[in-house]
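What follows is the content of data26.txt, which has compact mmCIF, C-alpha atoms:
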```txt
# COMPACT_ATOMS: atom_id res chain seq x y z
CA MET D 1 -25.81 96.57 158.28
CA ALA D 2 -25.68 93.72 155.78
CA ASN D 3 -22.49 93.03 153.87
CA SER D 4 -23.01 93.88 150.17
CA TYR D 5 -19.57 92.77 148.91
CA GLN D 6 -19.89 90.71 145.68
CA GLY D 7 -16.40 89.23 145.24
CA TYR D 8 -14.63 92.03 143.32
CA ILE D 9 -13.25 95.45 144.19
CA LEU D 10 -12.92 97.08 140.77
CA LYS D 11 -14.91 96.99 137.56
CA ILE D 12 -13.92 99.24 134.66
CA ASN D 13 -16.25 99.78 131.69
CA GLY D 14 -18.26 96.78 132.87
CA ASN D 15 -15.24 94.46 133.14
CA VAL D 16 -14.08 93.06 136.46
CA ILE D 17 -10.34 93.52 136.95
CA PRO D 18 -9.06 90.10 138.13
CA ARG D 19 -7.48 90.05 141.58
CA GLU D 20 -4.57 88.07 140.12
CA TYR D 21 -3.38 91.30 138.46
CA PHE D 22 -3.13 93.29 141.74
CA THR D 23 -0.35 93.37 144.29
CA ASP D 24 -1.86 96.26 146.19
CA TYR D 25 -4.91 98.45 145.89
CA GLU D 26 -5.87 101.63 147.69
CA THR D 27 -8.63 104.17 147.49
CA THR D 28 -9.29 107.59 148.91
CA PRO D 29 -13.07 107.61 148.60
CA ASP D 30 -15.45 110.55 148.75
CA GLN D 31 -12.84 113.31 148.94
CA ARG D 32 -14.53 116.59 149.80
CA GLN D 33 -14.02 119.50 147.45
CA GLU D 34 -14.04 123.10 148.51
CA ALA D 35 -15.71 125.81 146.42
CA ASP D 36 -14.35 128.38 148.84
CA ALA D 37 -12.61 128.32 152.21
CA GLN D 38 -11.77 131.36 154.29
CA VAL D 39 -10.31 131.99 157.70
CA ASP D 40 -12.03 134.74 159.67
CA GLN D 41 -10.34 137.35 161.86
CA ASN D 42 -10.62 134.97 164.86
CA GLY D 43 -8.80 132.15 163.08
CA TYR D 44 -11.86 129.95 162.40
CA LEU D 45 -12.06 128.16 159.08
CA HIS D 46 -15.31 128.57 157.12
CA ARG D 47 -15.68 126.05 154.31
CA ALA D 48 -18.05 125.96 151.36
CA THR D 49 -17.97 122.25 150.58
CA MET D 50 -19.42 121.12 147.26
CA PRO D 51 -21.94 118.27 147.18
CA HIS D 52 -19.95 116.21 144.63
CA THR D 53 -17.13 114.21 146.17
CA ARG D 54 -14.22 112.74 144.26
CA THR D 55 -12.62 109.32 144.69
CA SER D 56 -9.12 108.30 143.66
CA ILE D 57 -8.05 104.70 143.16
CA ARG D 58 -4.47 103.44 142.90
CA PHE D 59 -3.17 99.96 142.29
CA ASN D 60 -0.02 98.20 141.16
CA THR D 61 0.09 95.12 139.02
CA ARG D 62 2.03 92.14 140.22
CA ILE D 63 5.66 91.74 139.22
CA GLY D 64 6.27 89.73 136.07
CA LEU D 65 2.97 90.51 134.35
CA THR D 66 3.35 89.17 130.80
CA LEU D 67 2.65 91.09 127.63
CA ASP D 68 -0.55 89.10 127.04
CA GLU D 69 -1.74 89.85 130.60
CA LYS D 70 -0.94 93.55 130.18
CA ILE D 71 -2.89 93.63 126.91
CA ASP D 72 -5.80 91.85 128.62
CA LEU D 73 -5.77 94.45 131.41
CA GLN D 74 -5.72 97.30 128.89
CA GLU D 75 -8.61 95.75 126.96
CA ARG D 76 -10.61 95.28 130.18
CA MET D 77 -10.00 98.91 131.05
CA GLY D 78 -11.03 99.96 127.54
CA TYR D 79 -9.19 103.24 127.52
CA ALA D 80 -6.82 102.90 124.56
CA ASP D 81 -9.16 104.51 122.01
CA ASP D 82 -10.29 107.41 124.21
CA LEU D 83 -8.37 110.68 123.86
CA HIS D 84 -9.53 111.80 127.31
CA ARG D 85 -9.08 108.34 128.88
CA ASP D 86 -12.42 108.53 130.62
CA VAL D 87 -13.73 105.23 131.99
CA GLU D 88 -16.82 104.14 133.88
CA VAL D 89 -15.85 102.58 137.20
CA VAL D 90 -17.67 100.53 139.81
CA TYR D 91 -15.55 100.18 142.93
CA TRP D 92 -15.78 99.02 146.52
CA ASN D 93 -16.10 102.16 148.64
CA ASP D 94 -14.67 101.51 152.11
CA GLU D 95 -16.15 104.72 153.48
CA SER D 96 -19.73 103.66 152.73
CA ASN D 97 -19.06 99.88 152.79
CA ALA D 98 -20.89 99.50 149.50
CA TYR D 99 -20.23 99.64 145.77
CA ASP D 100 -20.16 103.07 144.21
CA SER D 101 -19.68 104.21 140.63
CA GLY D 102 -18.49 107.20 138.66
CA THR D 103 -16.70 108.49 135.61
CA PHE D 104 -12.93 108.53 136.15
CA TYR D 105 -9.97 109.58 134.07
CA LEU D 106 -6.74 107.68 133.77
CA PRO D 107 -3.51 109.71 133.92
CA ASP D 108 -0.53 108.62 131.84
CA ILE D 109 1.00 105.27 132.76
CA THR D 110 4.71 104.42 132.82
CA PHE D 111 5.61 100.90 131.69
CA SER D 112 8.85 99.39 132.97
CA ILE D 113 10.12 96.19 131.36
CA MET D 114 11.69 93.73 133.78
CA ASP D 115 12.77 91.15 131.19
CA PHE D 116 11.97 89.87 127.73
CA ASP D 117 12.69 86.77 125.71
CA ASP D 118 11.73 85.32 122.33
CA ASP D 119 8.15 84.67 123.48
CA THR D 120 7.02 87.56 125.67
CA ILE D 121 7.80 90.64 127.71
CA HIS D 122 7.69 90.61 131.53
CA TYR D 123 6.87 93.86 133.31
CA ASN D 124 7.86 95.38 136.60
CA PRO D 125 4.80 96.42 138.62
CA ILE D 126 2.73 98.94 136.67
CA SER D 127 1.19 101.74 138.75
CA ILE D 128 -2.30 102.72 137.66
CA GLU D 129 -4.33 105.59 139.05
CA LEU D 130 -7.97 106.47 138.44
CA ILE D 131 -9.30 109.91 139.43
CA GLU D 132 -12.99 110.66 139.49
CA ASN D 133 -14.17 113.52 137.26
```
Target encoding structure tokens, full file:
Amino acid sequence: MANSYQGYILKINGNVIPREYFTDYETTPDQRQEADAQVDQNGYLHRATMPHTRTSIRFNTRIGLTLDEKIDLQERMGYADDLHRDVEVVYWNDESNAYDSGTFYLPDITFSIMDFDDDTIHYNPISIELIEN
């Protein structure tokens, strides 16, 4: 199998998220969803697995991200004007060893300020999660 990696792991709304913003990154790709699961009288599980799988992506920004860098990340993600916070994502799928894409939503984010001065704000790592619709 040929390697199809193209030098990035995450693209949101067409914008590559720079690796300099990450400290860690993890995915749970292609999570199976059950329409129905039942255990029979002999204790065997019978699953009705749906064809659509769901991926979740989690990453933390590096410590000390500046206000301008945080704003750049938010603009690249393009979610600020969307009530539902839906974004189009292209991501490296380690289960299939290829790029995959989908519509994801972005749960609420907590911002923790590490320090600030007259020129900028510095942030503690910001945890961001993306969950496929």
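Take atom CA of D:Phe59 and atom CA of D:Arg19: the distance between them is 10.8 Å.
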#### Entry: Contacts of D:Ser4 within 10 Å, all atoms listed in the file, excl. fewer than 3 positions in-chain, as a PyMOL selection string
chain D and resi 1+7+92+97-99
Keeping C-alpha atoms for every residue in the selection just given, could you write it to a file as a tab-separated table (two decimals), keeping the file's coordinate frame?
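What ended up in result.tsv:
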```tsv
chain	number	residue	atom	x	y	z
D	1	MET	CA	-25.81	96.57	158.28
D	7	GLY	CA	-16.40	89.23	145.24
D	92	TRP	CA	-15.78	99.02	146.52
D	97	ASN	CA	-19.06	99.88	152.79
D	98	ALA	CA	-20.89	99.50	149.50
D	99	TYR	CA	-20.23	99.64	145.77
```
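Of the listed residues (D:Tyr79, D:Tyr91, D:Phe22, D:Tyr123), D:Tyr79 comes nearest to D:Tyr105; the distances count all atoms listed in the file.
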List as a CSV table (one decimal) with C-alpha atoms, in the frame of the given file the protein and nucleic acid residues near D:Gly78, meaning an atom at most 9 Å away when all atoms listed in the file are counted, but skip any in the same chain fewer than 6 places from it.
```csv
chain,number,residue,atom,x,y,z
D,12,ILE,CA,-13.9,99.2,134.7
D,13,ASN,CA,-16.2,99.8,131.7
D,15,ASN,CA,-15.2,94.5,133.1
D,85,ARG,CA,-9.1,108.3,128.9
D,87,VAL,CA,-13.7,105.2,132.0
```
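Restricting the calculation to all atoms listed in the file, the smallest distance between D:Met77 and any of D:Ile63, D:Ile9, D:Ala37, D:Leu130 is found for D:Leu130.
Note that the spacing between atom CA of D:Thr103 and atom CA of D:Val89 amounts to 6.2 Å.
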Generate N, CA, C and O atoms for stretch 84-103 of chain D and emit them as an mmCIF file, in the coordinates of the input.
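Okay, this is what ended up in selection03.cif:
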```cif
data_model
loop_
_atom_site.group_PDB
_atom_site.id
_atom_site.type_symbol
_atom_site.label_atom_id
_atom_site.label_comp_id
_atom_site.auth_asym_id
_atom_site.auth_seq_id
_atom_site.Cartn_x
_atom_site.Cartn_y
_atom_site.Cartn_z
ATOM 1 N N HIS D 84 -9.476 111.266 125.958
ATOM 2 C CA HIS D 84 -9.530 111.800 127.310
ATOM 3 C C HIS D 84 -9.287 110.736 128.373
ATOM 4 O O HIS D 84 -9.145 111.048 129.543
ATOM 5 N N ARG D 85 -9.267 109.478 127.972
ATOM 6 C CA ARG D 85 -9.080 108.340 128.880
ATOM 7 C C ARG D 85 -10.101 108.333 130.009
ATOM 8 O O ARG D 85 -9.778 108.088 131.161
ATOM 9 N N ASP D 86 -11.342 108.621 129.661
ATOM 10 C CA ASP D 86 -12.420 108.530 130.620
ATOM 11 C C ASP D 86 -12.963 107.106 130.630
ATOM 12 O O ASP D 86 -13.144 106.494 129.584
ATOM 13 N N VAL D 87 -13.205 106.583 131.826
ATOM 14 C CA VAL D 87 -13.730 105.230 131.990
ATOM 15 C C VAL D 87 -14.836 105.242 133.030
ATOM 16 O O VAL D 87 -14.846 106.082 133.933
ATOM 17 N N GLU D 88 -15.766 104.315 132.891
ATOM 18 C CA GLU D 88 -16.820 104.140 133.880
ATOM 19 C C GLU D 88 -16.352 103.092 134.879
ATOM 20 O O GLU D 88 -15.944 102.000 134.495
ATOM 21 N N VAL D 89 -16.419 103.430 136.156
ATOM 22 C CA VAL D 89 -15.850 102.580 137.200
ATOM 23 C C VAL D 89 -16.905 102.244 138.253
ATOM 24 O O VAL D 89 -17.658 103.110 138.681
ATOM 25 N N VAL D 90 -16.939 100.982 138.626
ATOM 26 C CA VAL D 90 -17.670 100.530 139.810
ATOM 27 C C VAL D 90 -16.590 100.031 140.762
ATOM 28 O O VAL D 90 -15.740 99.239 140.373
ATOM 29 N N TYR D 91 -16.618 100.519 141.991
ATOM 30 C CA TYR D 91 -15.550 100.180 142.930
ATOM 31 C C TYR D 91 -16.137 99.972 144.319
ATOM 32 O O TYR D 91 -17.220 100.460 144.644
ATOM 33 N N TRP D 92 -15.401 99.217 145.126
ATOM 34 C CA TRP D 92 -15.780 99.020 146.520
ATOM 35 C C TRP D 92 -15.367 100.271 147.289
ATOM 36 O O TRP D 92 -14.200 100.656 147.307
ATOM 37 N N ASN D 93 -16.337 100.937 147.898
ATOM 38 C CA ASN D 93 -16.100 102.160 148.640
ATOM 39 C C ASN D 93 -16.036 101.809 150.131
ATOM 40 O O ASN D 93 -17.048 101.472 150.734
ATOM 41 N N ASP D 94 -14.846 101.881 150.708
ATOM 42 C CA ASP D 94 -14.670 101.510 152.110
ATOM 43 C C ASP D 94 -15.203 102.560 153.072
ATOM 44 O O ASP D 94 -15.324 102.284 154.269
ATOM 45 N N GLU D 95 -15.526 103.736 152.593
ATOM 46 C CA GLU D 95 -16.150 104.720 153.480
ATOM 47 C C GLU D 95 -17.623 104.392 153.699
ATOM 48 O O GLU D 95 -18.133 104.473 154.810
ATOM 49 N N SER D 96 -18.303 103.990 152.620
ATOM 50 C CA SER D 96 -19.730 103.660 152.730
ATOM 51 C C SER D 96 -19.992 102.162 152.892
ATOM 52 O O SER D 96 -21.122 101.752 153.119
ATOM 53 N N ASN D 97 -18.937 101.346 152.729
ATOM 54 C CA ASN D 97 -19.060 99.880 152.790
ATOM 55 C C ASN D 97 -20.084 99.363 151.792
ATOM 56 O O ASN D 97 -20.909 98.501 152.104
ATOM 57 N N ALA D 98 -19.992 99.891 150.583
ATOM 58 C CA ALA D 98 -20.890 99.500 149.500
ATOM 59 C C ALA D 98 -20.203 99.814 148.170
ATOM 60 O O ALA D 98 -19.188 100.517 148.130
ATOM 61 N N TYR D 99 -20.759 99.300 147.096
ATOM 62 C CA TYR D 99 -20.230 99.640 145.770
ATOM 63 C C TYR D 99 -20.705 101.035 145.405
ATOM 64 O O TYR D 99 -21.807 101.459 145.741
ATOM 65 N N ASP D 100 -19.843 101.736 144.709
ATOM 66 C CA ASP D 100 -20.160 103.070 144.210
ATOM 67 C C ASP D 100 -19.686 103.115 142.763
ATOM 68 O O ASP D 100 -18.953 102.224 142.313
ATOM 69 N N SER D 101 -20.082 104.121 142.034
ATOM 70 C CA SER D 101 -19.680 104.210 140.630
ATOM 71 C C SER D 101 -19.471 105.662 140.251
ATOM 72 O O SER D 101 -19.950 106.579 140.917
ATOM 73 N N GLY D 102 -18.737 105.857 139.161
ATOM 74 C CA GLY D 102 -18.490 107.200 138.660
ATOM 75 C C GLY D 102 -17.688 107.161 137.386
ATOM 76 O O GLY D 102 -17.214 106.107 136.952
ATOM 77 N N THR D 103 -17.544 108.321 136.785
ATOM 78 C CA THR D 103 -16.700 108.490 135.610
ATOM 79 C C THR D 103 -15.339 108.966 136.105
ATOM 80 O O THR D 103 -15.242 109.941 136.848
#
```
